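Written out below as structure tokens is the structure these notes cover.
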Amino acid sequence: MPELPEVEVLVRHLRPLLQNKKVRRVEVRRAKVLAPTSVRKFARTLTHARFTGLRRRGKYLLFTLRGVNSRAPFMLVGHLGMTGRMYLLPTGSQLPKHAAVVLDLGRQNFIFEDTRYFGRLTLDQTATDRLGPEPLEAGFTPASLSKGLQRSGQPIKVKLLDQSLVAGIGNIYASEALFRAAISPFLPANRLKISEVARLWRAIRAVLNEAIGCGSTVPLDYPGEGKRDGLFYFGRAPGTPDFYEERLRVYDRADLPCPTCGTAIKRSVQAARSTFYCPKCQRRRA
DNA sequence: CACCATGTTCCTTG
DNA sequence: CCAAGGAACATGGT
């Protein structure tokens, strides 16, 4: 469940649950997710360490811990990839099939589960160095966005997925933001007018904030024990009202009516990924 | 069997 | 050096 809003909601959920919890034992079931950190170093560093903080940067989760013996604070960097999840389970409950890392916290286990193993839980921080500004913070402005788009002839939809432009937008919210800004996903990044950049800037923030707000008010099913998924995108925890389902205006809605004009939503492929848009509301200029 | 999937990195090409 | 495109990673759903 991984774009900025999902990670933000997860971070808010986990922060109080992990605060001051001590790692008693480390179980690495899929060493790949630690790379380039070795299993040995990971286990040695984390065992007996205590969680002191958790924040988000783009789609990354940044855990801070303090080692007991060394007292040296250190950072643990998490990324959910496409299918990653992080949650707590009572100690002793059966582990999910694709549990990649298990941290024994005493009464509970912290689980990092990832079906496809594209995610990460590592001591390596280099990936976060390449991230652009946080879209919901002051460093992200219409001017900074405009500057970032200047030298790129890539379609704006593809450019929005570039994490060095702005951190945290993924394939879903790229389509959603462009729909909200009424901009064609095919328009070259360096050809957006100032007014369009301004609209896109607002749309990005609105779309992300709306998604976070949605997640914050709905009791989400983190371990994914509900019927469908660990649902954030399309579903909900049992007992949650129906209207929380259709939060996305165009993503994965090919052939369904545009919420604004009723025209059928189209699906196209850009950079080997699906793009969804309304061909009427998001018409291309010359 | 075919194609699709919320992401990132690496390699090649120009 | 940089921009851009494509494959690779790995598993499961339809």
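For the structure tokens, the naming scheme is as follows: chains receive sequential letters (A, B, ...) according to their order of presentation, residues are indexed from 1 within each chain, and ligands are indexed from 1 in presentation order.
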### Interface, chain A side, toward chain B (7 Å; only C-alpha atoms (C1' of nucleotides)) as a list in words
Met1, Pro2, Glu3, Gly81, Met82 and Ile172 of chain A
### Message
Please check the contacts: residues of chain A at most 10 Å away from chain C, using only C-alpha atoms (C1' of nucleotides), listed as a PyMOL selection string.
### Response
chain A and resi 83+98+114-118+151-154+271-272
Given the selection you just returned, output its residues as a file containing all heavy atoms, formatted as a CSV table (one decimal), in the first residue's frame.
```csv
chain,number,residue,atom,x,y,z
A,83,THR,N,4.1,-4.0,-2.5
A,83,THR,CA,3.1,-4.8,-1.8
A,83,THR,C,3.5,-4.9,-0.3
A,83,THR,O,3.0,-5.8,0.4
A,83,THR,CB,3.1,-6.2,-2.4
A,83,THR,OG1,4.5,-6.7,-2.5
A,83,THR,CG2,2.5,-6.2,-3.7
A,98,HIS,N,4.7,-14.3,3.6
A,98,HIS,CA,5.8,-13.5,3.0
A,98,HIS,C,6.3,-12.5,4.1
A,98,HIS,O,6.7,-11.4,3.7
A,98,HIS,CB,5.3,-12.7,1.8
A,98,HIS,CG,4.9,-13.7,0.7
A,98,HIS,ND1,5.8,-14.5,0.0
A,98,HIS,CD2,3.7,-13.9,0.2
A,98,HIS,CE1,5.1,-15.2,-0.9
A,98,HIS,NE2,3.8,-14.9,-0.8
A,114,ASP,N,6.0,-8.6,2.8
A,114,ASP,CA,6.1,-8.0,1.4
A,114,ASP,C,6.0,-9.2,0.4
A,114,ASP,O,7.0,-9.8,0.2
A,114,ASP,CB,7.4,-7.2,1.2
A,114,ASP,CG,7.4,-6.5,-0.1
A,114,ASP,OD1,6.4,-6.7,-0.9
A,114,ASP,OD2,8.3,-5.7,-0.3
A,115,THR,N,4.9,-9.3,-0.2
A,115,THR,CA,4.7,-10.4,-1.1
A,115,THR,C,5.7,-10.4,-2.2
A,115,THR,O,6.3,-11.5,-2.6
A,115,THR,CB,3.3,-10.3,-1.8
A,115,THR,OG1,2.3,-10.2,-0.7
A,115,THR,CG2,3.0,-11.5,-2.7
A,116,ARG,N,6.0,-9.3,-2.8
A,116,ARG,CA,6.9,-9.3,-4.0
A,116,ARG,C,8.3,-9.0,-3.6
A,116,ARG,O,9.2,-9.0,-4.4
A,116,ARG,CB,6.4,-8.3,-5.0
A,116,ARG,CG,5.1,-8.8,-5.6
A,116,ARG,CD,4.4,-7.7,-6.5
A,116,ARG,NE,5.1,-7.5,-7.7
A,116,ARG,CZ,4.8,-6.6,-8.7
A,116,ARG,NH1,3.7,-5.8,-8.4
A,116,ARG,NH2,5.4,-6.4,-9.8
A,117,TYR,N,8.5,-8.6,-2.3
A,117,TYR,CA,9.9,-8.4,-1.8
A,117,TYR,C,10.6,-7.2,-2.6
A,117,TYR,O,11.8,-7.3,-2.8
A,117,TYR,CB,10.8,-9.6,-1.9
A,117,TYR,CG,10.2,-10.8,-1.1
A,117,TYR,CD1,9.7,-11.9,-1.7
A,117,TYR,CD2,10.2,-10.7,0.3
A,117,TYR,CE1,9.1,-12.9,-0.9
A,117,TYR,CE2,9.6,-11.7,1.1
A,117,TYR,CZ,9.1,-12.8,0.4
A,117,TYR,OH,8.6,-13.9,1.2
A,118,PHE,N,9.8,-6.3,-3.1
A,118,PHE,CA,10.4,-5.1,-3.7
A,118,PHE,C,10.8,-4.0,-2.6
A,118,PHE,O,11.5,-3.1,-2.9
A,118,PHE,CB,9.5,-4.4,-4.7
A,118,PHE,CG,9.3,-5.1,-6.0
A,118,PHE,CD1,8.4,-4.7,-6.9
A,118,PHE,CD2,10.0,-6.3,-6.2
A,118,PHE,CE1,8.3,-5.4,-8.1
A,118,PHE,CE2,9.9,-7.0,-7.4
A,118,PHE,CZ,9.0,-6.5,-8.4
A,151,ARG,N,13.7,21.6,-17.6
A,151,ARG,CA,14.6,20.9,-18.6
A,151,ARG,C,14.1,19.6,-19.0
A,151,ARG,O,14.9,18.8,-19.4
A,151,ARG,CB,16.0,20.9,-18.0
A,151,ARG,CG,16.7,22.1,-18.1
A,151,ARG,CD,18.1,22.0,-17.4
A,151,ARG,NE,17.9,21.4,-16.1
A,151,ARG,CZ,18.1,22.1,-15.0
A,151,ARG,NH1,18.5,23.2,-14.9
A,151,ARG,NH2,17.9,21.5,-13.8
A,152,SER,N,12.9,19.3,-18.9
A,152,SER,CA,12.4,17.9,-19.2
A,152,SER,C,11.3,17.9,-20.3
A,152,SER,O,10.3,18.6,-20.2
A,152,SER,CB,11.9,17.2,-18.0
A,152,SER,OG,11.4,15.9,-18.4
A,153,GLY,N,11.6,17.2,-21.3
A,153,GLY,CA,10.6,17.0,-22.4
A,153,GLY,C,9.7,15.8,-22.2
A,153,GLY,O,8.9,15.5,-23.0
A,154,GLN,N,9.9,15.2,-21.0
A,154,GLN,CA,9.1,14.0,-20.7
A,154,GLN,C,7.6,14.4,-20.5
A,154,GLN,O,7.3,15.5,-20.1
A,154,GLN,CB,9.5,13.3,-19.4
A,154,GLN,CG,10.7,12.4,-19.6
A,154,GLN,CD,11.0,11.7,-18.3
A,154,GLN,OE1,11.1,12.3,-17.2
A,154,GLN,NE2,11.2,10.4,-18.4
A,271,ALA,N,5.7,5.1,-20.2
A,271,ALA,CA,6.8,4.6,-19.4
A,271,ALA,C,6.5,3.2,-18.8
A,271,ALA,O,6.8,2.9,-17.6
A,271,ALA,CB,7.3,5.5,-18.4
A,272,ALA,N,5.7,2.4,-19.5
A,272,ALA,CA,5.3,1.1,-19.1
A,272,ALA,C,4.4,1.0,-17.9
A,272,ALA,O,4.3,0.0,-17.2
A,272,ALA,CB,6.6,0.2,-18.8
```
### Task
Give the alpha helix (DSSP H) residues of stretch 9-227 of chain A, as DSSP finds them on the backbone, and put them as a PyMOL selection string.
chain A and resi 9-18+39-46+126-129+142-150+156-160+171-181+194-217
Store the residues picked out above in a file with C-alpha atoms, as a short mmCIF file (atom, residue, chain, number, x, y, z; two decimals), in the first residue's frame.
```
data_model
loop_
_atom_site.label_atom_id
_atom_site.label_comp_id
_atom_site.auth_asym_id
_atom_site.auth_seq_id
_atom_site.Cartn_x
_atom_site.Cartn_y
_atom_site.Cartn_z
CA VAL A 9 -1.15 7.21 7.57
CA LEU A 10 0.93 4.16 8.43
CA VAL A 11 3.58 6.29 10.13
CA ARG A 12 0.95 8.02 12.26
CA HIS A 13 -0.49 4.64 13.15
CA LEU A 14 2.79 2.98 14.06
CA ARG A 15 4.52 5.85 15.85
CA PRO A 16 2.74 5.54 19.21
CA LEU A 17 2.75 1.76 19.01
CA LEU A 18 6.51 1.58 18.61
CA VAL A 39 21.94 -9.89 8.08
CA ARG A 40 24.71 -9.97 10.64
CA LYS A 41 25.05 -6.21 10.89
CA PHE A 42 21.28 -5.73 10.89
CA ALA A 43 20.76 -8.18 13.74
CA ARG A 44 23.71 -6.90 15.73
CA THR A 45 22.57 -3.28 15.42
CA LEU A 46 18.88 -3.83 16.14
CA THR A 126 21.59 6.54 0.45
CA ALA A 127 18.25 6.22 -1.34
CA THR A 128 16.69 9.08 0.58
CA ASP A 129 19.47 11.46 -0.47
CA PRO A 142 4.94 26.65 -7.61
CA ALA A 143 8.31 28.19 -8.38
CA SER A 144 10.27 25.11 -7.32
CA LEU A 145 7.93 22.88 -9.29
CA SER A 146 8.26 25.11 -12.34
CA LYS A 147 12.01 25.00 -12.11
CA GLY A 148 12.00 21.22 -11.79
CA LEU A 149 9.94 20.91 -14.96
CA GLN A 150 12.03 23.28 -17.07
CA ILE A 156 4.15 15.47 -17.30
CA LYS A 157 2.64 12.23 -15.98
CA VAL A 158 5.99 10.45 -16.31
CA LYS A 159 7.85 13.39 -14.78
CA LEU A 160 5.61 13.37 -11.71
CA ASN A 171 1.30 6.03 -10.24
CA ILE A 172 -2.09 6.50 -8.63
CA TYR A 173 -1.75 10.06 -7.39
CA ALA A 174 0.04 11.21 -10.54
CA SER A 175 -3.11 10.44 -12.52
CA GLU A 176 -5.32 11.85 -9.79
CA ALA A 177 -3.40 15.13 -9.53
CA LEU A 178 -3.43 15.71 -13.29
CA PHE A 179 -7.15 15.05 -13.43
CA ARG A 180 -7.74 17.52 -10.65
CA ALA A 181 -5.59 20.10 -12.41
CA ILE A 194 2.72 29.13 -15.42
CA SER A 195 -0.97 28.94 -14.69
CA GLU A 196 -0.92 25.20 -15.29
CA VAL A 197 2.05 24.70 -13.01
CA ALA A 198 0.21 26.62 -10.33
CA ARG A 199 -2.90 24.49 -10.80
CA LEU A 200 -0.85 21.32 -10.70
CA TRP A 201 0.91 22.42 -7.52
CA ARG A 202 -2.42 22.99 -5.84
CA ALA A 203 -3.84 19.75 -7.20
CA ILE A 204 -0.92 17.68 -5.93
CA ARG A 205 -1.33 19.03 -2.43
CA ALA A 206 -5.10 18.72 -2.47
CA VAL A 207 -5.05 15.14 -3.71
CA LEU A 208 -2.44 14.02 -1.18
CA ASN A 209 -4.07 15.86 1.71
CA GLU A 210 -7.46 14.46 0.85
CA ALA A 211 -6.09 10.92 0.75
CA ILE A 212 -4.34 11.35 4.09
CA GLY A 213 -7.51 12.77 5.60
CA CYS A 214 -9.45 9.81 4.34
CA GLY A 215 -7.03 7.34 5.82
CA SER A 216 -6.88 9.21 9.08
CA THR A 217 -10.58 8.98 9.72
#
```
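When the distance limit is 6 Å and only C-alpha atoms (C1' of nucleotides) are what count, the residues near A:Ser184, minus those fewer than 5 positions from it on the same chain, are A:Gln282, A:Arg283, A:Arg284.
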### Message
Just to confirm, what's the straight-line distance from atom CA of A:Glu8 to atom CA of A:Pro73 in Å (one decimal)?
### Response
22.7 Å
### Query
In Å to one decimal, how far is atom CA of A:Ile265 from atom CA of A:Arg249?
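The value is 9.4 Å.
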### Task
Check stretch 14-263 of chain A with DSSP on the backbone and list each residue it calls strand (DSSP E), as a ChimeraX atom specification.
/A:25-28,50-57,60-66,73-79,84-90,99-104,108-114,120-122
### Query
So how many Å separate atom CA of A:Arg55 and atom CA of A:Val101, to one decimal?
19.6 Å
